[in-house]
Structures are given as structure tokens and as C-alpha cells.
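Colleague: File follows, my_file-v8.cif with mmCIF, C-alpha atoms:
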data_protein
loop_
_atom_site.label_atom_id
_atom_site.label_comp_id
_atom_site.auth_asym_id
_atom_site.auth_seq_id
_atom_site.Cartn_x
_atom_site.Cartn_y
_atom_site.Cartn_z
CA MET A 179 114.55 16.93 114.06
CA PHE A 180 118.05 15.65 113.35
CA GLN A 181 117.90 15.01 109.63
CA GLU A 182 116.19 17.97 108.06
CA ILE A 183 118.75 18.46 105.34
CA PRO A 184 118.36 16.08 102.38
CA SER A 185 121.62 14.26 101.73
CA GLY A 186 121.24 14.59 97.96
CA LEU A 187 121.49 18.35 98.30
CA CYS A 188 124.70 17.99 100.31
CA LEU A 189 126.20 15.73 97.68
CA VAL A 190 125.32 18.24 94.95
CA LEU A 191 127.05 20.95 96.97
CA CYS A 192 130.11 18.70 97.32
CA GLY A 193 130.19 18.14 93.56
CA ILE A 194 130.03 21.87 92.87
CA ILE A 195 132.80 22.69 95.36
CA PHE A 196 135.00 19.88 94.07
CA SER A 197 134.57 21.13 90.50
CA ILE A 198 135.43 24.69 91.49
CA GLY A 199 138.57 23.41 93.19
CA ALA A 200 139.52 21.30 90.19
CA ILE A 201 138.98 24.20 87.77
CA GLY A 202 141.12 26.43 89.96
CA ALA A 203 143.86 23.82 90.27
CA ILE A 204 144.04 23.47 86.50
CA THR A 205 143.72 27.11 85.44
CA ARG A 206 145.75 28.99 88.05
CA ARG A 207 149.51 29.39 87.73
CA ASN A 208 150.53 30.43 91.23
CA VAL A 209 151.46 27.26 93.10
CA ILE A 210 150.11 28.58 96.41
CA VAL A 211 146.70 29.22 94.86
CA ILE A 212 146.85 25.75 93.27
CA PHE A 213 147.59 24.39 96.72
CA MET A 214 144.56 26.20 98.18
CA CYS A 215 142.38 24.78 95.41
CA ILE A 216 143.58 21.29 96.33
CA GLU A 217 142.65 22.03 99.95
CA LEU A 218 139.21 23.04 98.69
CA MET A 219 138.85 19.71 96.90
CA LEU A 220 139.86 17.90 100.10
CA ASN A 221 137.19 19.88 101.93
CA ALA A 222 134.55 18.83 99.40
CA VAL A 223 135.49 15.20 100.07
CA ASN A 224 135.27 15.86 103.82
CA LEU A 225 131.80 17.25 103.36
CA THR A 226 130.81 14.14 101.39
CA PHE A 227 132.02 11.95 104.24
CA ILE A 228 130.11 13.95 106.84
CA ALA A 229 126.90 14.04 104.77
CA SER A 230 127.03 10.31 104.10
CA GLY A 231 127.79 9.54 107.73
CA ASN A 232 124.84 11.66 108.76
CA ALA A 233 122.55 9.92 106.28
CA PHE A 234 123.65 6.45 107.36
CA SER A 235 123.69 7.34 111.09
CA SER A 236 127.31 6.25 111.16
CA MET A 237 130.27 7.82 112.95
CA ASP A 238 132.96 6.46 110.61
CA GLY A 239 132.65 9.49 108.34
CA ALA A 240 133.76 11.79 111.14
CA VAL A 241 136.73 9.55 111.94
CA PHE A 242 137.77 9.52 108.29
CA VAL A 243 137.50 13.31 108.13
CA PHE A 244 139.74 13.50 111.18
CA PHE A 245 142.44 11.51 109.40
CA ILE A 246 142.02 13.51 106.19
CA MET A 247 142.55 16.68 108.23
CA THR A 248 145.73 15.21 109.71
CA VAL A 249 147.07 14.40 106.26
CA ALA A 250 146.07 17.86 104.99
CA ALA A 251 147.95 19.53 107.86
CA VAL A 252 151.10 17.52 107.18
CA GLU A 253 150.74 18.20 103.48
CA ALA A 254 150.42 21.92 104.15
CA ALA A 255 153.56 22.00 106.30
CA VAL A 256 155.74 20.02 103.89
CA GLY A 257 154.27 21.57 100.74
CA LEU A 258 154.73 25.14 101.92
CA ALA A 259 158.30 24.34 102.99
CA ILE A 260 158.90 23.06 99.46
CA PHE A 261 157.42 26.29 98.04
CA VAL A 262 159.76 28.39 100.17
CA MET A 263 162.70 26.28 98.98
CA VAL A 264 161.62 26.57 95.32
CA PHE A 265 161.29 30.33 95.71
CA ARG A 266 164.81 30.52 97.11
CA LEU A 267 166.24 28.47 94.26
CA GLN A 268 164.20 29.83 91.34
CA GLY A 269 163.03 33.25 92.50
CA THR A 270 159.45 32.50 91.52
CA VAL A 271 156.47 30.37 92.51
CA ASN A 272 154.85 30.41 89.09
CA ALA A 273 154.06 26.87 88.00
CA ASP A 274 154.90 27.63 84.36
CA GLU A 275 158.40 28.85 85.18
CA VAL A 276 159.38 26.02 87.51
CA ASN A 277 160.12 23.47 84.82
CA LEU A 278 163.49 21.98 85.66
CA LEU A 279 162.18 18.44 85.25
CA LYS A 280 161.16 19.13 81.68
CA GLY A 281 164.62 18.08 80.45
CA MET B 279 108.48 24.79 112.77
CA ASP B 280 107.05 25.34 109.31
CA ALA B 281 107.46 23.12 106.26
CA ILE B 282 110.88 24.35 105.20
CA GLY B 283 112.55 24.53 108.57
CA PHE B 284 115.12 26.81 110.11
CA LYS B 285 118.06 24.43 109.63
CA PHE B 286 117.29 24.08 105.94
CA ILE B 287 117.33 27.85 105.41
CA LEU B 288 120.58 28.09 107.34
CA PHE B 289 122.02 25.29 105.19
CA MET B 290 121.06 27.05 101.97
CA ILE B 291 122.64 30.32 103.13
CA ALA B 292 125.83 28.55 104.19
CA ALA B 293 125.97 26.61 100.92
CA LEU B 294 125.57 29.84 98.95
CA VAL B 295 128.37 31.47 100.96
CA VAL B 296 130.61 28.45 100.36
CA ILE B 297 130.04 28.47 96.60
CA VAL B 298 130.44 32.23 96.15
CA SER B 299 133.52 32.52 98.32
CA SER B 300 135.20 29.50 96.74
CA VAL B 301 134.59 30.94 93.27
CA LEU B 302 136.09 34.23 94.46
CA MET B 303 139.00 32.29 95.97
CA ALA B 304 139.75 30.58 92.67
CA THR B 305 139.54 33.75 90.59
CA ARG B 306 141.26 36.52 92.59
CA LYS B 307 144.55 37.76 91.14
CA ASN B 308 146.09 38.60 94.51
CA PRO B 309 146.94 35.42 96.48
CA ILE B 310 146.29 37.21 99.78
CA HIS B 311 142.69 37.86 98.71
CA SER B 312 142.41 34.21 97.69
CA ALA B 313 143.58 33.12 101.13
CA LEU B 314 141.09 35.42 102.89
CA TRP B 315 138.19 34.12 100.79
CA MET B 316 139.38 30.60 101.58
CA ILE B 317 138.97 31.37 105.30
CA VAL B 318 135.38 32.49 104.63
CA THR B 319 134.81 29.20 102.80
CA PHE B 320 136.15 27.21 105.74
CA PHE B 321 133.93 29.00 108.25
CA ALA B 322 130.80 28.50 106.15
CA MET B 323 131.74 24.85 105.75
CA ALA B 324 132.06 24.54 109.52
CA ILE B 325 128.47 25.81 109.79
CA ILE B 326 127.38 23.07 107.37
CA TYR B 327 129.20 20.49 109.50
CA LEU B 328 127.30 21.77 112.54
CA LEU B 329 124.02 21.39 110.68
CA LEU B 330 124.99 17.82 109.77
CA ASN B 331 125.45 16.89 113.47
CA ALA B 332 129.26 16.80 113.35
CA GLN B 333 130.15 19.26 116.09
CA PHE B 334 133.61 17.86 116.75
CA ILE B 335 134.56 18.03 113.09
CA ALA B 336 133.18 21.58 112.85
CA VAL B 337 135.41 22.76 115.70
CA ALA B 338 138.38 20.86 114.27
CA GLN B 339 137.70 22.46 110.89
CA VAL B 340 137.88 25.96 112.36
CA MET B 341 140.98 25.20 114.43
CA VAL B 342 142.97 23.16 111.90
CA TYR B 343 141.96 24.67 108.56
CA ALA B 344 140.90 28.24 109.27
CA GLY B 345 143.39 28.57 112.12
CA ALA B 346 146.54 26.62 111.41
CA ILE B 347 146.71 25.84 107.70
CA MET B 348 145.50 29.23 106.46
CA MET B 349 147.85 31.03 108.82
CA LEU B 350 150.71 28.97 107.40
CA ILE B 351 149.62 29.75 103.85
CA LEU B 352 149.35 33.48 104.61
CA PHE B 353 152.85 33.47 106.11
CA VAL B 354 154.28 31.73 103.08
CA ILE B 355 152.48 34.09 100.68
CA MET B 356 153.99 37.04 102.54
CA MET B 357 157.45 35.42 102.48
CA VAL B 358 157.32 34.43 98.86
CA ASN B 359 155.02 36.63 96.88
CA MET B 360 155.81 40.23 97.73
CA ASP B 361 156.49 41.70 94.29
CA LYS B 362 155.35 38.83 92.12
CA GLY B 363 151.69 39.79 92.23
CA ASN B 364 151.27 40.64 88.57
CA ARG B 365 153.48 37.93 87.12
CA GLU B 366 150.38 35.81 86.70
CA GLU B 367 148.67 37.74 83.92
CA THR B 368 151.72 37.74 81.67
CA THR B 369 151.88 33.97 81.43
CA LYS B 370 148.14 33.37 81.48
CA ALA B 371 147.82 34.88 78.03
CA SER B 372 150.09 32.15 76.66
CA TRP B 373 147.30 29.58 76.94
CA SER B 374 146.09 28.68 73.49
CA LEU B 375 142.39 28.54 72.66
CA GLY B 376 142.43 24.78 72.19
CA LYS B 377 144.02 24.25 75.59
CA LYS B 378 141.39 26.46 77.21
CA MET B 379 138.59 24.63 75.42
CA ALA B 380 140.00 21.26 76.46
CA ALA B 381 140.20 22.34 80.11
CA ALA B 382 136.65 23.73 80.03
CA LEU B 383 135.29 20.56 78.41
CA LEU B 384 137.06 18.39 80.97
CA MET B 385 135.61 20.40 83.82
CA VAL B 386 132.07 20.38 82.41
CA ILE B 387 132.29 16.60 82.08
CA LEU B 388 133.55 16.33 85.66
CA LEU B 389 130.79 18.56 87.03
CA VAL B 390 128.02 16.76 85.12
CA GLU B 391 129.36 13.41 86.24
CA LEU B 392 129.50 14.47 89.89
CA LEU B 393 126.02 15.99 89.80
CA PHE B 394 124.65 12.91 88.06
CA GLY B 395 126.12 10.68 90.73
CA ALA B 396 124.87 12.91 93.54
CA LEU B 397 121.32 13.22 92.22
CA PHE B 398 120.70 9.63 91.20
CA TYR B 399 122.55 7.85 93.98
CA ARG B 400 120.29 5.73 96.12
CA MET B 401 121.44 5.22 99.69
CA THR B 402 121.15 1.47 100.14
CA ALA B 403 123.67 0.70 102.86
CA ARG B 404 122.42 -0.60 106.17
CA VAL B 405 121.81 1.95 108.88
CA GLY B 406 124.76 2.37 111.22
CA ASP B 407 125.01 2.10 114.97
CA TYR B 408 125.10 5.82 115.73
CA PRO B 409 121.73 7.51 115.16
CA ALA B 410 121.95 11.27 115.53
CA ASP B 411 119.80 11.62 118.64
CA ALA B 412 121.73 8.90 120.50
CA VAL B 413 125.03 10.57 119.59
CA ALA B 414 123.68 13.92 120.73
CA ALA B 415 122.62 12.36 124.03
CA ALA B 416 126.07 10.83 124.63
CA GLY B 417 128.00 13.82 123.26
CA ASN B 418 129.51 14.08 119.80
CA ALA B 419 133.13 14.60 120.84
CA LYS B 420 132.86 11.74 123.33
CA THR B 421 131.60 9.36 120.66
CA VAL B 422 134.32 10.36 118.19
CA GLY B 423 136.95 10.07 120.91
CA ALA B 424 135.77 6.60 121.94
CA LEU B 425 136.02 5.49 118.32
CA LEU B 426 139.44 7.09 117.81
CA TYR B 427 140.94 5.53 120.95
CA GLY B 428 139.10 2.22 120.52
CA GLN B 429 138.36 0.84 117.10
CA TYR B 430 140.71 3.21 115.25
CA LEU B 431 143.59 3.25 117.73
CA PHE B 432 146.26 2.01 115.33
CA PRO B 433 145.43 4.49 112.52
CA PHE B 434 145.39 7.21 115.18
CA GLU B 435 148.93 6.33 116.28
CA VAL B 436 150.08 6.18 112.66
CA ALA B 437 148.57 9.64 112.12
CA SER B 438 150.53 10.99 115.10
CA ILE B 439 153.76 9.55 113.67
CA LEU B 440 152.86 11.10 110.31
CA LEU B 441 152.48 14.50 112.00
CA LEU B 442 155.90 14.09 113.64
CA ILE B 443 157.47 13.20 110.30
CA GLY B 444 155.75 16.24 108.77
CA ILE B 445 157.20 18.58 111.40
CA VAL B 446 160.74 17.22 110.98
CA GLY B 447 160.45 17.14 107.18
CA ALA B 448 159.22 20.73 106.96
CA VAL B 449 162.10 21.95 109.14
CA VAL B 450 164.67 19.96 107.15
CA ILE B 451 163.35 21.13 103.79
CA ALA B 452 162.97 24.80 104.67
CA LYS B 453 166.31 25.05 106.51
CA ARG B 454 168.78 27.31 104.77
CA ASN B 455 171.79 25.14 104.13
CA LYS B 456 175.12 26.85 104.55
#
Represent the structure from my file as C-alpha cells, please.

Modeller:
Amino acid sequence: MFQEIPSGLCLVLCGIIFSIGAIGAITRRNVIVIFMCIELMLNAVNLTFIASGNAFSSMDGAVFVFFIMTVAAVEAAVGLAIFVMVFRLQGTVNADEVNLLKG
Amino acid sequence: MDAIGFKFILFMIAALVVIVSSVLMATRKNPIHSALWMIVTFFAMAIIYLLLNAQFIAVAQVMVYAGAIMMLILFVIMMVNMDKGNREETTKASWSLGKKMAAALLMVILLVELLFGALFYRMTARVGDYPADAVAAAGNAKTVGALLYGQYLFPFEVASILLLIGIVGAVVIAKRNK
């Protein structure tokens, strides 16, 4: 009763979500939306860990997801602080217009 | 129950919700709408975690992602993006056709590769020490907690230091310097 969901189906779902996140991260120009797409890709990886851990009857997947969540939270805090700073300096959060490093 | 099973139907519904809401998240013009669809995605994903016997991670997903991170993102969108809503379309038109085609090709290759790996991957690793019914008998959060404070104690402490550095770094970066 515990493993009714085939793990192949879960992995397919992870692939689809990861691709959607990657497409969004490449095509969008607003850095906050790009950031959300990256979070979506992280979530797809989390789902892969959980599905594999469930298929292997292992708990290590859950522990890894815990650490990934920690890193994602820190990344959100620091990244959004950087966005606020960039908005103060440049007046925009459009990725095409923030090109000071272009030289 | 019957051949398909209640959990399987629930999984398919949740997977459909995840895919549709993430597509909507990636395509909405207004970043606030994107953030709200992202919250829907996170909740549906928490349901999938529940179906995969990861109750602790499901609760953490709702609290950390749908609660904390999305709230932070919504705050920053409201601080940053008030009148810049329609700046996006003006620069999007500057993408040339070749660039668009290259991006689309890259993404199709990525998707096909991921699906190929997912469909033809054979699980050959040895079976772990935590079968689902034993974990359910002991309690999921208890098992995860025993692992976190036992085998993974050092990474856990490093993660706590990382969180502290994140807090201090965010304050230092976002502080308005006189």
C-alpha cells in the first residue's frame, strides 16, 4: 500500500518541471521571475530526491531535500537583498538593462 | 481498492496542477501573478511529497517555500516593481529569431534528454534501511530527526551557520548606506 506510484512517472514529472523552470529562466527578463524559475528547478530536484528515496526505501533523500531547502532559503534572502540594492542603484530589475559588467 | 488506486488518481491530479500552474508562473506578465501561481505549485508539490511518504518534507515545503520564501518574494516585488510592470514587453521584442530558435532548440534537447533518462533508467541500487511501512510505524519526522541529529549532525550544524551568515549578509546588503 505504500508504493502505489511508479517512480518512473515521478521522474518524468520532475523532468517536465525542470524544463519549464529552465525555459522560464532563459526567456524571462525580470530578475525576480528568473529567481522564481530557479526555485522551481530546485523544487524539481527535490522531487527527484524524494521519489528516488521512496523507490529505494531510503531516508537520505529527505535529508538532502532538507539541506537544499536551507540553501534555497539563504539564497532567497541574499538574492532578494541584492535585487533591492540593484533597484536602488539602477532603478530597474530588468536583466537586460543591468549590464554594468559588460564593459 | 480497484486497479488504479486512489493515491494514483490523486498523484495525477496533483501532477497536472503542478505542470499547469508552473507554466502559468513562467508566462504571466505581472510578477505578482507569477508569485501567486508559484504558491499553487508549491502546495501541489507538497501533496505529491505526502503521496511519496515524505510527510516531514511536505510540511517543511509548505512552511519554508509557500510561507517564508514566497512571502519574501512578494514583499520584494511590491518594493521594487510598482510601475515597471510593462517594461518587459518592450525589451522582449528585441530578441532576434535566431536567438529564439537557439533557446527553443536547447530546451527541446534538455527536455528530451531528461525524459529519456527518466523513462529508461533502471533502479539497480540496493534497497535501503528505511522501508516505508517501518518509517510510518516509527514516525516520519522522528526518523528524519534521528538522521539529522545523528548521522548528519555536522552538515546540520554547517547549515545552521549558513543560515546565520545569510541573515547577516541580507541585512548588510540591503542596508541603506548613508

Colleague: Output as a ChimeraX atom specification the set of chain B residues within 6 Å of chain A, with distances taken over all atoms listed in the file.

Modeller: /B:286,304,389,392-393,396-397,405-406,408-409,441,444,448,452

Colleague: Between B:Ala313, B:Ala293, B:Val298, B:Val358, which has the minimum distance to B:Tyr327 (counting only C-alpha atoms)?

Modeller: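 The shortest atom-to-atom distance to B:Tyr327 comes from B:Ala293.
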
Colleague: So what does the PyMOL selection byres ((chain B and resi 303) around 8) actually pick up in this one, as JSON, numbers by chain?

Modeller: {"B": [299, 300, 301, 302, 304, 305, 306, 311, 312, 313, 314, 315, 316]}

Colleague: Rounded to one decimal in Å, what is the spacing between atom CA of B:Val296 and atom CA of B:Met323?

Modeller: 6.6 Å

Colleague: What is the distance, in Å and to one decimal place, between atom CA of A:Leu279 and atom CA of B:Lys377?

Modeller: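 Interatomic distance here is 21.4 Å.
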
Colleague: One number please: atom CA of B:Ala415 to atom CA of B:Val340, in Å, one decimal.

Modeller: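 These atoms are spaced 23.5 Å apart.
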
Colleague: Excluding B:Leu329 and residues on its chain fewer than 3 positions from it, collect all residues at most 8 Å away from it, counting all atoms listed in the file, and give them as a ChimeraX atom specification.

Modeller: /B:285,289,325-326,332

Colleague: Can you pull out the residues contacting B:Gln333? Cut-off 8 Å, using only C-alpha atoms, and skip same-chain residues under 3 positions away; I want them as a PyMOL selection string.

Modeller: chain B and resi 327-328+336-337+418-419
